[in-house]
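One file, data24.txt, is given below (compact mmCIF, C-alpha atoms and all ligand atoms).
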```txt
# COMPACT_ATOMS: atom_id res chain seq x y z
CA MET Y 25 -14.95 -21.19 -4.68
CA ILE Y 26 -13.13 -23.98 -2.88
CA TYR Y 27 -9.58 -23.50 -1.58
CA HIS Y 28 -7.16 -26.44 -1.54
CA SER Y 29 -4.11 -27.02 0.61
CA THR Y 30 -0.82 -27.18 -1.28
CA SER Y 31 0.20 -30.20 0.81
CA ASN Y 32 -2.87 -32.30 0.25
CA HIS Y 33 -5.40 -31.52 -2.46
CA SER Y 34 -8.22 -33.15 -0.53
CA VAL Y 35 -7.82 -30.72 2.38
CA THR Y 36 -10.18 -27.90 1.48
CA ALA Y 37 -11.67 -24.74 2.94
CA THR Y 38 -14.03 -21.92 2.12
CA ILE Y 39 -12.55 -18.44 1.74
CA SER Y 40 -13.56 -17.51 5.30
CA GLU Y 41 -11.96 -20.64 6.74
CA ALA Y 42 -8.80 -19.95 4.75
CA ILE Y 43 -8.64 -16.38 6.01
CA LEU Y 44 -9.52 -17.14 9.61
CA HIS Y 45 -6.93 -19.90 9.94
CA GLY Y 46 -4.08 -18.78 7.68
CA TYR Y 47 -2.33 -22.13 7.26
CA ALA Y 48 -4.24 -25.26 6.24
CA PRO Y 49 -4.51 -27.83 9.07
CA ASP Y 50 -1.97 -30.06 7.29
CA GLY Y 51 0.57 -27.24 7.32
CA GLY Y 52 0.03 -26.40 3.63
CA GLN Y 53 -1.12 -23.13 2.13
CA TYR Y 54 -4.44 -22.46 0.54
CA LEU Y 55 -4.92 -21.74 -3.14
CA PRO Y 56 -8.21 -21.31 -5.02
CA GLU Y 57 -9.32 -24.35 -7.02
CA LYS Y 58 -9.14 -22.25 -10.14
CA ILE Y 59 -7.93 -18.81 -11.08
CA PRO Y 60 -10.55 -17.09 -13.20
CA THR Y 61 -9.28 -15.45 -16.39
CA LEU Y 62 -10.39 -11.92 -17.17
CA PRO Y 63 -11.54 -10.94 -20.66
CA ARG Y 64 -8.83 -9.30 -22.81
CA ALA Y 65 -10.91 -6.16 -23.17
CA PHE Y 66 -10.49 -5.58 -19.45
CA MET Y 67 -6.75 -5.05 -19.87
CA ARG Y 68 -7.38 -2.29 -22.40
CA ASN Y 69 -9.55 -0.39 -19.92
CA LEU Y 70 -7.04 -0.40 -17.08
CA SER Y 71 -5.39 2.89 -17.98
CA GLY Y 72 -8.66 4.78 -17.48
CA MET Y 73 -9.36 3.35 -14.04
CA THR Y 74 -8.35 4.62 -10.59
CA LEU Y 75 -6.30 2.44 -8.25
CA GLN Y 76 -9.41 1.72 -6.19
CA GLU Y 77 -11.44 0.82 -9.27
CA VAL Y 78 -8.77 -1.55 -10.57
CA SER Y 79 -8.40 -3.15 -7.16
CA TYR Y 80 -12.09 -3.64 -6.62
CA ALA Y 81 -12.55 -5.16 -10.06
CA ILE Y 82 -9.71 -7.64 -9.48
CA ALA Y 83 -10.84 -8.55 -5.98
CA ASN Y 84 -14.41 -9.08 -7.05
CA TYR Y 85 -13.42 -11.20 -10.02
CA ALA Y 86 -10.87 -13.27 -8.12
CA LEU Y 87 -13.26 -14.00 -5.27
CA GLN Y 88 -16.17 -14.90 -7.55
CA GLY Y 89 -18.89 -13.61 -5.24
CA ASP Y 90 -17.62 -15.34 -2.09
CA ILE Y 91 -17.47 -12.00 -0.30
CA ASP Y 92 -20.35 -9.57 -0.46
CA ALA Y 93 -19.70 -6.94 -3.16
CA GLN Y 94 -20.46 -3.98 -0.89
CA VAL Y 95 -18.17 -5.30 1.85
CA LEU Y 96 -15.40 -5.85 -0.67
CA HIS Y 97 -15.91 -2.39 -2.10
CA ASP Y 98 -15.49 -0.80 1.35
CA VAL Y 99 -12.50 -3.00 2.23
CA VAL Y 100 -10.73 -2.08 -1.01
CA ASN Y 101 -11.46 1.64 -0.70
CA GLU Y 102 -10.20 1.78 2.87
CA THR Y 103 -7.09 -0.22 1.96
CA LEU Y 104 -5.95 1.62 -1.16
CA ASN Y 105 -6.31 5.20 -0.03
CA PHE Y 106 -2.72 6.16 -0.74
CA PRO Y 107 -1.00 6.59 -4.11
CA ILE Y 108 1.12 3.98 -5.92
CA PRO Y 109 3.20 6.04 -8.37
CA LEU Y 110 4.96 4.49 -11.36
CA ILE Y 111 8.25 6.27 -12.04
CA ASP Y 112 9.68 6.26 -15.59
CA MET Y 113 13.44 5.66 -15.33
CA GLY Y 114 14.04 5.62 -19.10
CA GLU Y 115 15.21 2.79 -21.40
CA GLY Y 116 12.07 0.78 -20.69
CA ARG Y 117 12.68 0.68 -16.95
CA HIS Y 118 10.17 1.77 -14.32
CA VAL Y 119 9.89 1.73 -10.56
CA LEU Y 120 6.56 1.11 -8.86
CA GLU Y 121 6.57 2.85 -5.48
CA LEU Y 122 4.57 0.64 -3.15
CA PHE Y 123 5.61 2.44 0.03
CA HIS Y 124 3.26 5.36 0.57
CA GLY Y 125 1.11 3.69 3.24
CA PRO Y 126 1.30 4.22 7.02
CA SER Y 127 4.39 2.07 7.69
CA MET Y 128 5.95 3.04 4.34
CA SER Y 129 6.27 -0.57 3.22
CA PHE Y 130 4.36 -2.53 0.57
CA LYS Y 131 3.21 -4.83 3.36
CA ASP Y 132 0.75 -2.08 4.34
CA ILE Y 133 -1.42 -3.10 1.42
CA GLY Y 134 -1.85 -6.74 2.43
CA ALA Y 135 -2.08 -5.92 6.13
CA ARG Y 136 -4.79 -3.29 5.70
CA PHE Y 137 -6.81 -5.45 3.36
CA MET Y 138 -6.68 -8.40 5.72
CA ALA Y 139 -7.48 -6.26 8.77
CA ARG Y 140 -10.57 -4.75 7.22
CA LEU Y 141 -11.77 -8.08 5.96
CA LEU Y 142 -11.35 -9.61 9.42
CA ALA Y 143 -13.23 -6.67 10.93
CA HIS Y 144 -16.13 -7.65 8.73
CA TYR Y 145 -15.90 -11.29 9.88
CA TYR Y 146 -15.86 -10.21 13.49
CA ALA Y 147 -18.99 -8.12 12.99
CA SER Y 148 -20.82 -10.86 11.10
CA LYS Y 149 -19.79 -13.87 13.19
CA GLY Y 150 -21.48 -12.97 16.44
CA GLY Y 151 -18.57 -11.06 17.89
CA ARG Y 152 -16.01 -13.77 18.66
CA GLU Y 153 -12.71 -11.95 19.03
CA ILE Y 154 -9.99 -12.76 16.53
CA ASN Y 155 -6.34 -12.90 17.57
CA VAL Y 156 -3.49 -12.25 15.18
CA LEU Y 157 -0.10 -13.54 16.20
CA ILE Y 158 3.19 -12.87 14.41
CA ALA Y 159 6.92 -12.87 14.98
CA THR Y 160 8.74 -10.00 13.29
CA SER Y 161 12.26 -8.90 12.49
CA GLY Y 162 10.94 -5.40 11.83
CA HIS Y 163 9.06 -4.78 8.59
CA SER Y 164 5.99 -6.96 8.92
CA GLY Y 165 5.42 -5.78 12.51
CA GLY Y 166 5.04 -2.13 11.51
CA ALA Y 167 2.71 -2.88 8.62
CA ILE Y 168 0.51 -5.30 10.53
CA ALA Y 169 0.28 -3.10 13.62
CA ASN Y 170 -0.72 -0.07 11.57
CA GLY Y 171 -3.09 -2.06 9.38
CA PHE Y 172 -4.96 -3.50 12.37
CA TYR Y 173 -4.69 -0.52 14.70
CA GLY Y 174 -8.00 0.40 16.33
CA ILE Y 175 -9.99 -2.35 14.59
CA GLU Y 176 -12.70 -3.62 16.91
CA GLY Y 177 -12.74 -7.28 17.83
CA ILE Y 178 -9.18 -8.04 16.71
CA ASN Y 179 -6.19 -8.33 19.04
CA VAL Y 180 -2.73 -8.29 17.54
CA TYR Y 181 0.29 -9.79 19.31
CA ILE Y 182 3.68 -9.02 17.83
CA LEU Y 183 6.69 -10.98 19.09
CA TYR Y 184 10.14 -9.59 18.47
CA PRO Y 185 13.65 -10.39 19.67
CA GLN Y 186 15.21 -8.18 22.31
CA ASP Y 187 17.92 -5.75 21.14
CA GLN Y 188 17.68 -6.69 17.48
CA LEU Y 189 15.42 -4.05 15.95
CA SER Y 190 16.20 -0.43 15.22
CA SER Y 191 14.34 2.05 17.39
CA LEU Y 192 12.28 3.13 14.37
CA GLN Y 193 11.30 -0.46 13.55
CA ARG Y 194 10.22 -1.06 17.12
CA ALA Y 195 8.44 2.29 17.47
CA GLN Y 196 6.29 1.49 14.44
CA PHE Y 197 4.41 -1.18 16.32
CA ALA Y 198 5.28 -0.65 19.98
CA THR Y 199 3.98 2.92 20.43
CA LEU Y 200 0.44 2.36 19.19
CA GLY Y 201 -1.25 0.65 22.14
CA LYS Y 202 -5.00 -0.12 22.02
CA ASN Y 203 -5.42 -3.52 20.34
CA ILE Y 204 -1.74 -3.82 19.41
CA THR Y 205 0.48 -5.61 21.95
CA ALA Y 206 4.24 -5.66 21.45
CA ILE Y 207 5.89 -8.63 23.13
CA GLU Y 208 9.63 -8.42 23.58
CA VAL Y 209 11.13 -11.88 23.82
CA ASN Y 210 14.27 -12.55 25.75
CA GLY Y 211 15.71 -14.55 22.83
CA THR Y 212 16.38 -14.58 19.08
CA LEU Y 213 14.10 -14.15 16.07
CA GLY Y 214 14.23 -17.93 15.67
CA ASP Y 215 12.90 -18.32 19.22
CA CYS Y 216 10.04 -15.91 18.45
CA LYS Y 217 9.15 -17.82 15.29
CA ASN Y 218 9.18 -21.14 17.14
CA MET Y 219 6.90 -19.76 19.83
CA VAL Y 220 4.41 -18.57 17.21
CA TYR Y 221 4.66 -21.89 15.41
CA GLU Y 222 3.90 -23.80 18.59
CA ALA Y 223 0.95 -21.57 19.34
CA PHE Y 224 -0.59 -22.33 15.95
CA ASN Y 225 -0.07 -26.03 16.53
CA ASP Y 226 -1.47 -26.16 20.05
CA PRO Y 227 -5.01 -27.61 19.87
CA ASP Y 228 -5.69 -26.57 23.45
CA LEU Y 229 -4.94 -22.93 22.66
CA SER Y 230 -6.99 -22.94 19.46
CA LYS Y 231 -9.96 -24.28 21.46
CA ARG Y 232 -9.71 -21.31 23.78
CA MET Y 233 -9.00 -18.54 21.31
CA LEU Y 234 -9.45 -17.89 17.60
CA LEU Y 235 -5.94 -17.45 16.28
CA THR Y 236 -4.81 -16.55 12.77
CA SER Y 237 -1.64 -15.69 10.90
CA ALA Y 238 -1.14 -12.37 9.14
CA LYS Y 239 1.90 -13.57 7.21
CA SER Y 240 1.72 -13.90 3.45
CA VAL Y 241 0.69 -17.54 3.89
CA ASN Y 242 -2.72 -16.00 4.56
CA ILE Y 243 -4.59 -15.78 1.28
CA ALA Y 244 -6.07 -12.47 2.45
CA ARG Y 245 -2.64 -10.90 2.26
CA LEU Y 246 -1.74 -12.43 -1.07
CA LEU Y 247 -4.87 -11.45 -2.92
CA PRO Y 248 -4.45 -7.65 -2.63
CA GLN Y 249 -0.89 -7.95 -3.88
CA MET Y 250 -2.30 -8.76 -7.31
CA PHE Y 251 -3.95 -5.34 -7.50
CA TYR Y 252 -0.79 -3.38 -8.09
CA TYR Y 253 0.43 -5.62 -10.89
CA PHE Y 254 -2.73 -4.68 -12.80
CA TRP Y 255 -2.37 -1.07 -11.74
CA ALA Y 256 1.24 -0.97 -13.01
CA TYR Y 257 0.16 -2.28 -16.37
CA GLY Y 258 -2.54 0.38 -16.67
CA GLN Y 259 -0.04 3.08 -15.76
CA LEU Y 260 2.39 1.80 -18.40
CA GLN Y 261 -0.34 2.04 -21.01
CA LYS Y 262 -1.11 5.55 -19.87
CA LEU Y 263 2.56 6.56 -20.11
CA HIS Y 264 3.41 4.88 -23.38
CA GLY Y 265 0.12 4.46 -25.22
CA THR Y 266 0.63 1.02 -26.71
CA THR Y 267 0.15 -2.15 -24.75
CA PRO Y 268 3.36 -4.13 -24.51
CA GLU Y 269 3.80 -7.11 -22.29
CA MET Y 270 5.63 -6.23 -19.12
CA VAL Y 271 8.48 -7.78 -17.19
CA VAL Y 272 8.31 -7.39 -13.40
CA ALA Y 273 11.20 -7.67 -10.96
CA ALA Y 274 10.32 -8.38 -7.32
CA PRO Y 275 12.54 -8.39 -4.23
CA CYS Y 276 11.97 -11.81 -2.67
CA GLY Y 277 11.65 -13.04 0.88
CA ASN Y 278 8.78 -15.44 1.46
CA LEU Y 279 7.84 -15.08 -2.23
CA GLY Y 280 4.44 -13.54 -1.58
CA ASN Y 281 4.99 -10.80 -4.11
CA LEU Y 282 6.17 -13.20 -6.77
CA THR Y 283 3.27 -15.59 -6.12
CA ALA Y 284 0.80 -12.72 -6.48
CA GLY Y 285 2.50 -11.85 -9.79
CA VAL Y 286 2.05 -15.41 -11.04
CA MET Y 287 -1.62 -15.32 -10.03
CA ALA Y 288 -2.10 -11.98 -11.80
CA ARG Y 289 -0.54 -13.50 -14.91
CA GLN Y 290 -2.88 -16.49 -14.71
CA MET Y 291 -5.79 -14.06 -14.47
CA GLY Y 292 -4.74 -12.82 -17.88
CA LEU Y 293 -2.44 -9.88 -17.18
CA PRO Y 294 0.20 -9.74 -19.95
CA ILE Y 295 3.26 -10.40 -17.82
CA LYS Y 296 6.01 -11.67 -20.09
CA ARG Y 297 8.43 -12.68 -17.37
CA LEU Y 298 8.99 -12.30 -13.64
CA ILE Y 299 12.46 -11.61 -12.33
CA ALA Y 300 13.18 -12.76 -8.79
CA ALA Y 301 15.73 -10.76 -6.81
CA ASP Y 302 17.34 -12.30 -3.73
CA ASN Y 303 19.86 -10.95 -1.29
CA LYS Y 304 22.54 -13.34 -0.03
CA ASN Y 305 19.76 -15.62 1.20
CA ASP Y 306 19.47 -17.00 -2.30
CA VAL Y 307 17.53 -20.22 -1.77
CA PHE Y 308 14.95 -19.43 -4.43
CA THR Y 309 17.24 -18.02 -7.12
CA THR Y 310 19.55 -21.00 -6.56
CA TYR Y 311 16.54 -23.23 -7.19
CA LEU Y 312 15.83 -21.41 -10.46
CA ARG Y 313 19.44 -21.93 -11.50
CA THR Y 314 19.91 -25.54 -10.39
CA GLY Y 315 16.46 -27.10 -9.89
CA LYS Y 316 17.33 -27.87 -6.26
CA PHE Y 317 15.36 -26.26 -3.44
CA VAL Y 318 17.48 -26.44 -0.31
CA PRO Y 319 16.24 -24.39 2.67
CA ARG Y 320 18.98 -23.28 5.02
CA ALA Y 321 19.64 -21.05 8.01
CA THR Y 322 19.00 -17.34 7.46
CA GLU Y 323 21.93 -14.93 7.18
CA PRO Y 324 21.47 -11.28 8.14
CA SER Y 325 21.75 -8.80 5.26
CA LEU Y 326 21.10 -5.13 4.50
CA ALA Y 327 17.75 -6.02 2.95
CA ILE Y 328 16.54 -7.51 6.19
CA ALA Y 329 12.90 -8.17 5.26
CA MET Y 330 14.19 -10.52 2.55
CA ASP Y 331 16.30 -12.55 4.98
CA CYS Y 332 14.57 -15.81 4.53
CA GLY Y 333 16.14 -19.26 4.35
CA ASN Y 334 12.93 -21.18 3.65
CA PRO Y 335 10.54 -19.15 1.49
CA ARG Y 336 7.04 -20.03 2.67
CA ASN Y 337 5.20 -19.49 -0.60
CA PHE Y 338 7.38 -21.86 -2.60
CA PRO Y 339 4.78 -24.68 -2.52
CA ARG Y 340 2.24 -22.25 -3.96
CA LEU Y 341 4.54 -21.38 -6.85
CA GLN Y 342 5.04 -25.08 -7.54
CA ARG Y 343 1.33 -25.76 -7.42
CA LEU Y 344 0.57 -22.81 -9.73
CA LEU Y 345 3.34 -23.36 -12.25
CA GLY Y 346 4.37 -27.00 -12.09
CA ASP Y 347 7.92 -28.29 -12.26
CA HIS Y 348 11.26 -26.49 -12.47
CA ALA Y 349 11.31 -26.31 -16.26
CA ALA Y 350 7.83 -24.76 -16.32
CA MET Y 351 8.85 -22.23 -13.70
CA CYS Y 352 11.96 -21.23 -15.62
CA GLN Y 353 9.90 -20.47 -18.71
CA ILE Y 354 8.45 -17.39 -17.10
CA MET Y 355 10.99 -16.66 -14.39
CA GLU Y 356 14.61 -15.90 -13.90
CA GLY Y 357 16.53 -14.81 -10.83
CA PHE Y 358 19.50 -12.83 -9.57
CA ALA Y 359 21.04 -12.65 -6.10
CA TYR Y 360 23.02 -9.75 -4.67
CA SER Y 361 25.53 -9.30 -1.88
CA ASP Y 362 25.36 -6.41 0.57
CA GLU Y 363 28.21 -4.70 -1.31
CA ARG Y 364 26.23 -4.92 -4.51
CA ILE Y 365 23.13 -3.51 -2.84
CA ILE Y 366 25.16 -0.50 -1.66
CA SER Y 367 26.71 0.06 -5.07
CA THR Y 368 23.30 -0.09 -6.77
CA ILE Y 369 21.89 2.49 -4.35
CA ALA Y 370 24.93 4.72 -5.00
CA SER Y 371 24.98 4.42 -8.78
CA THR Y 372 21.23 4.87 -9.16
CA TRP Y 373 21.43 7.99 -7.01
CA HIS Y 374 24.37 9.46 -8.87
CA ARG Y 375 23.31 8.50 -12.39
CA GLU Y 376 19.53 8.80 -12.19
CA GLN Y 377 18.94 10.93 -9.08
CA TYR Y 378 16.65 8.26 -7.72
CA LEU Y 379 16.97 7.00 -4.17
CA LEU Y 380 16.41 3.28 -3.56
CA ASN Y 381 15.86 1.39 -0.34
CA PRO Y 382 18.11 -1.73 -0.01
CA HIS Y 383 15.15 -4.06 -0.75
CA SER Y 384 14.07 -2.08 -3.79
CA ALA Y 385 17.70 -1.93 -4.93
CA THR Y 386 17.81 -5.71 -5.42
CA ALA Y 387 14.75 -5.53 -7.68
CA TYR Y 388 16.06 -2.57 -9.63
CA GLN Y 389 19.45 -4.22 -10.13
CA ALA Y 390 17.67 -7.38 -11.28
CA LEU Y 391 15.81 -5.30 -13.85
CA LEU Y 392 19.09 -3.76 -15.02
CA ASP Y 393 20.58 -7.23 -15.33
CA GLY Y 394 17.57 -9.08 -16.71
CA LEU Y 395 15.64 -6.69 -18.96
CA ARG Y 396 16.34 -7.25 -22.66
CA PRO Y 397 16.37 -4.53 -25.32
CA GLY Y 398 12.86 -3.52 -26.36
CA GLU Y 399 11.22 -4.92 -23.23
CA THR Y 400 9.24 -2.84 -20.74
CA GLY Y 401 10.10 -3.54 -17.13
CA VAL Y 402 8.84 -2.63 -13.68
CA ALA Y 403 10.84 -3.02 -10.47
CA LEU Y 404 8.78 -3.23 -7.30
CA ALA Y 405 10.07 -0.71 -4.73
CA THR Y 406 8.84 -2.21 -1.49
CA SER Y 407 10.06 0.18 1.19
CA HIS Y 408 10.81 3.88 1.66
CA PRO Y 409 14.53 4.80 1.52
CA ALA Y 410 14.33 6.51 4.92
CA LYS Y 411 13.43 3.19 6.55
CA ALA Y 412 17.03 2.17 6.00
CA GLN Y 413 18.41 5.61 6.72
CA LEU Y 414 21.95 4.66 7.84
CA THR Y 415 22.57 2.26 4.96
CA VAL Y 416 21.22 4.67 2.38
CA GLU Y 417 23.15 7.62 3.81
CA SER Y 418 26.43 5.74 3.81
CA ALA Y 419 25.79 4.56 0.23
CA ILE Y 420 25.21 8.02 -1.21
CA GLY Y 421 27.39 10.06 1.17
CA ALA Y 422 24.59 12.49 2.00
CA THR Y 423 21.89 12.80 4.65
CA VAL Y 424 18.39 11.46 4.15
CA ASP Y 425 15.48 13.05 5.99
CA THR Y 426 13.00 10.95 7.91
CA PRO Y 427 9.50 11.78 6.65
CA GLU Y 428 6.95 13.10 9.15
CA ALA Y 429 4.89 9.95 8.61
CA LEU Y 430 7.69 7.93 10.25
CA MET Y 431 8.76 10.55 12.81
CA ARG Y 432 5.33 10.52 14.42
CA PHE Y 433 6.00 7.04 15.82
CA PHE Y 434 8.65 8.47 18.12
CA ASN Y 435 6.07 10.66 19.82
CA GLY Y 436 4.20 7.76 21.40
CA PHE Y 437 5.05 5.81 24.54
CA GLY Y 438 6.15 2.21 24.41
CA HIS Y 439 3.44 -0.38 25.13
CA ILE Y 440 5.75 -3.32 25.59
CA THR Y 441 5.43 -6.55 27.53
CA THR Y 442 8.58 -8.57 28.10
CA ILE Y 443 8.44 -12.36 28.31
CA ASN Y 444 10.96 -15.16 28.41
CA SER Y 445 11.77 -17.27 25.40
CA GLY Y 446 9.81 -20.53 25.17
CA TYR Y 447 6.23 -21.41 24.35
CA THR Y 448 5.11 -21.83 27.97
CA SER Y 449 5.57 -18.14 28.72
CA LEU Y 450 3.76 -17.10 25.53
CA LYS Y 451 0.81 -19.36 26.24
CA LYS Y 452 0.56 -18.15 29.80
CA PHE Y 453 0.59 -14.56 28.61
CA LEU Y 454 -2.04 -15.08 25.89
CA LEU Y 455 -4.40 -16.89 28.23
CA SER Y 456 -4.05 -14.18 30.87
CA ARG Y 457 -5.45 -11.56 28.52
C1 LIG Q 1 8.51 -8.60 3.13
C2 LIG Q 1 9.35 -7.75 2.27
C3 LIG Q 1 9.92 -8.22 1.07
C4 LIG Q 1 9.77 -9.65 0.62
O1 LIG Q 1 8.48 -9.89 0.12
P1 LIG Q 1 7.89 -11.36 -0.02
O2 LIG Q 1 6.53 -11.14 -0.54
O3 LIG Q 1 7.91 -11.97 1.33
O4 LIG Q 1 8.74 -12.10 -0.98
C5 LIG Q 1 10.63 -7.33 0.28
N1 LIG Q 1 10.82 -6.04 0.66
C6 LIG Q 1 10.29 -5.56 1.80
C7 LIG Q 1 10.52 -4.14 2.16
C8 LIG Q 1 9.54 -6.38 2.65
O5 LIG Q 1 9.05 -5.88 3.78
```
Would you write out, as structure tokens, the structure that this file holds?
Ligand SMILES: *Cc1c(COP(=O)(O)O)cnc(C)c1O
Amino acid sequence: MIYHSTSNHSVTATISEAILHGYAPDGGQYLPEKIPTLPRAFMRNLSGMTLQEVSYAIANYALQGDIDAQVLHDVVNETLNFPIPLIDMGEGRHVLELFHGPSMSFKDIGARFMARLLAHYYASKGGREINVLIATSGHSGGAIANGFYGIEGINVYILYPQDQLSSLQRAQFATLGKNITAIEVNGTLGDCKNMVYEAFNDPDLSKRMLLTSAKSVNIARLLPQMFYYFWAYGQLQKLHGTTPEMVVAAPCGNLGNLTAGVMARQMGLPIKRLIAADNKNDVFTTYLRTGKFVPRATEPSLAIAMDCGNPRNFPRLQRLLGDHAAMCQIMEGFAYSDERIISTIASTWHREQYLLNPHSATAYQALLDGLRPGETGVALATSHPAKAQLTVESAIGATVDTPEALMRFFNGFGHITTINSGYTSLKKFLLSR
């Protein structure tokens, strides 16, 4: 299969090139030339399959033989070795808990899949080391560090702004060591992002080291996010017998989740509609409402991993769906203030005894607001409530325990390098390794 850049159709890559470089050289994002449609009978079998079986089947079909079947089988099995429960909330509503991996965020799925696939590339490409570089405000750092931890041949560099992360967020990537290097930047998140951006656009650096992005612009992170849409549908069938179409609400940041949902739909999964949930950074839901896409500066919110003023996967959605009118046929959107996020966490706890994380709360509220009578809906719960302990505790007026899986990060020592803001110091550091 050939992969095309969203910026220029004539810029193409193979799947390995797309994965090893992340962005296309023209700054666009790769999409497959066509999305293969699964036979209808496949959808009927989903309820009898395990998560790993569903995932392998989707990966194999989507990649059309571009990656060796045995390799893919191993990658999928090592990635999806934690449960993804579907919780029945009544009245057609469900919550899909995507947060039972090592960093307790749905990003674990994409990060682990990409890490294991890159490990295979390293082994098969004569042992040239691969370097993964990201800037994080918290969530992606933990998932990527844990996904890549201990993988031979891959070095991970995580830039983060000084004094801006909670100690738990930082501990999730800074206490691991080995191939994971935490780089504290004497500057803001914007500075960190600019430094990473410059690194990717420095031809001299890319001559000296193989550098790739582990953000959701990388097709290797997007692909595995389709798995759980199919899994959710199978679980709905198992719960309710019949096979209705489903409506899925996703909490949006860079729109990776939503893009994966659109791709799953184009592969034939009966998704009736997708509901986009934004926090106060409502660039995408404003686009759905007005037809105008106007990126702007990011504002901090309680659902921090969704703080995104220029959603990176937007060009992919456009390429997959076409113009604004076409997008609105299968999508609607809602945006929520911090106050609303708190009140949703509180009311869901008091009414339904279910505890939501602030990110998941936007999706659940969007399902409450957007699901019509008779429809079956699934809200994607992207992060464990204890990852936003203070917010959740103040919302419900009770204490929330930190699970052992998160506590263990506090037992390690920090492996942190501090550098000054600015690309020169980053380049110097990377080349000194
Ligand atoms: C990254 C993230 C999101 C946003 O997902 P996108 O795929 O970037 O739209 C939502 N919730 C959590 C917890 C996240 O970490």
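Residue nearest Ala274 (chain Y) within the list Y:Leu122, Y:Glu323, Y:Cys352, Y:Lys316: Y:Leu122 [criterion: smallest interatomic distance, only C-alpha atoms].
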Practice prompt. Report the distance between CA of Leu341 (chain Y) and CA of Ile111 (chain Y) in Å, rounded to one decimal place.
Written response: 28.4 Å
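Each residue with an atom within 8 Å of any atom of ligand LIG 1 (chain Q) appears in the list, which was built counting all atoms listed in the file: Ser129, Phe130, Lys131, His163, Ser164, Ser240, Ala274, Pro275, Cys276, Gly277, Asn278, Leu279, Gly280, Asn281, Leu282, Thr283, Ala327, Ile328, Ala329, Met330, Pro335, His383, Ser384, Ala405, Thr406 and Ser407 of chain Y.
Of the listed residues (Y:Ala301, Y:Val78, Y:Gly315, Y:Ala143), Y:Ala301 comes nearest to Tyr388 (chain Y); the distances count all atoms listed in the file.
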Fill in: Computed interatomic separation between CA of Ala412 (chain Y) and CA of Ala198 (chain Y) (Å)
18.5 Å
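Distances here use all atoms listed in the file; by that measure, the residue among Y:Leu183, Y:Pro397, Y:Ala238, Y:Leu62 closest to Arg289 (chain Y) is Y:Leu62.
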Fill in: Who sits within 7 Å of region 94-108 of chain Y, all atoms listed in the file, same chain under 6 positions skipped, as an MDAnalysis selection string
chainID Y and resid 76 79:80 120:122 124:125 133 136:137 140:141
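Coordinates place CA of Ile369 (chain Y) at a distance of 28.1 Å from CA of Leu246 (chain Y).
Nearest residue to Thr441 (chain Y), choosing from Y:Asp90, Y:Glu208, Y:Asp228, Y:Glu269 and counting only C-alpha atoms: Y:Glu208.
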Discussion item. When you count only C-alpha atoms, which of these residues is closest to Met113 (chain Y): Y:Ser148, Y:Thr400, Y:Ser456, Y:Ser418?
Written reply: Y:Thr400
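If only C-alpha atoms are the atoms counted, then among Y:Val318, Y:Leu455, Y:Val286, Y:Ile440 the closest residue to Ala195 (chain Y) is Y:Ile440.
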List every residue of region 40-126 of chain Y that has an atom at most 12 Å from any atom of region 292-298 of chain Y, giving for each one its closest atom pair and the distance in Å to one decimal, counting all atoms listed in the file, sorted by chain and then by ascending residue number, as a Markdown table.
```
| residue | atom | partner | partner_atom | distance |
| --- | --- | --- | --- | --- |
| Y:Ile59 | CA | Y:Gly292 | CA | 9.6 |
| Y:Pro60 | CA | Y:Gly292 | CA | 8.6 |
| Y:Thr61 | CA | Y:Gly292 | CA | 5.5 |
| Y:Leu62 | CA | Y:Gly292 | CA | 5.8 |
| Y:Pro63 | CA | Y:Gly292 | CA | 7.6 |
| Y:Arg64 | CA | Y:Gly292 | CA | 7.3 |
| Y:Ala65 | CA | Y:Gly292 | CA | 10.5 |
| Y:Phe66 | CA | Y:Gly292 | CA | 9.4 |
| Y:Met67 | CA | Y:Leu293 | CA | 7.0 |
| Y:Arg68 | CA | Y:Leu293 | CA | 10.5 |
| Y:Leu70 | CA | Y:Leu293 | CA | 10.5 |
| Y:Ile82 | CA | Y:Leu293 | CA | 10.8 |
| Y:Tyr85 | CA | Y:Gly292 | CA | 11.8 |
| Y:Ala86 | CA | Y:Gly292 | CA | 11.5 |
```
Discussion item. Taking 2 positions as the minimum chain separation for residues in the same chain, which residues sit within 9 Å of Cys216 (chain Y) when counting all atoms listed in the file? Answer as a ChimeraX atom specification.
Written reply: /Y:158-160,183-185,209,211-214,218-221,445-447
Where does region 133-226 of chain Y meet region 427-430 of chain Y within 10 Å, residue by residue, with the nearest atom pair and distance in Å to one decimal for each, counting only C-alpha atoms, listed by chain and rising number, as CSV?
```
residue,atom,partner,partner_atom,distance
Y:Leu192,CA,Y:Leu430,CA,7.8
Y:Gln193,CA,Y:Leu430,CA,9.7
Y:Ala195,CA,Y:Leu430,CA,9.2
Y:Gln196,CA,Y:Leu430,CA,7.8
```
Worksheet item: Excluding same-chain residues fewer than 6 positions from region 37-54 of chain Y, what lies within 8 Å of it counting all atoms listed in the file, as JSON, numbers by chain?
Response: {"Y": [25, 26, 27, 28, 29, 30, 31, 90, 142, 235, 236, 237, 238, 239, 241, 242, 243, 244, 337, 339, 340]}
Worksheet item: So which residues touch Val307 (chain Y) within 8 Å, counting all atoms listed in the file, skipping near sequence neighbours fewer than 5 positions away, as a ChimeraX atom specification?
Response: /Y:317-320,333-335
Item to complete: Please tell me which residues are no farther than 8 Å from (-3.7, -5.9, 9.1) in the file, counting all atoms listed in the file, and write them as a ChimeraX atom specification.
Response: /Y:132,134-140,167-173,238
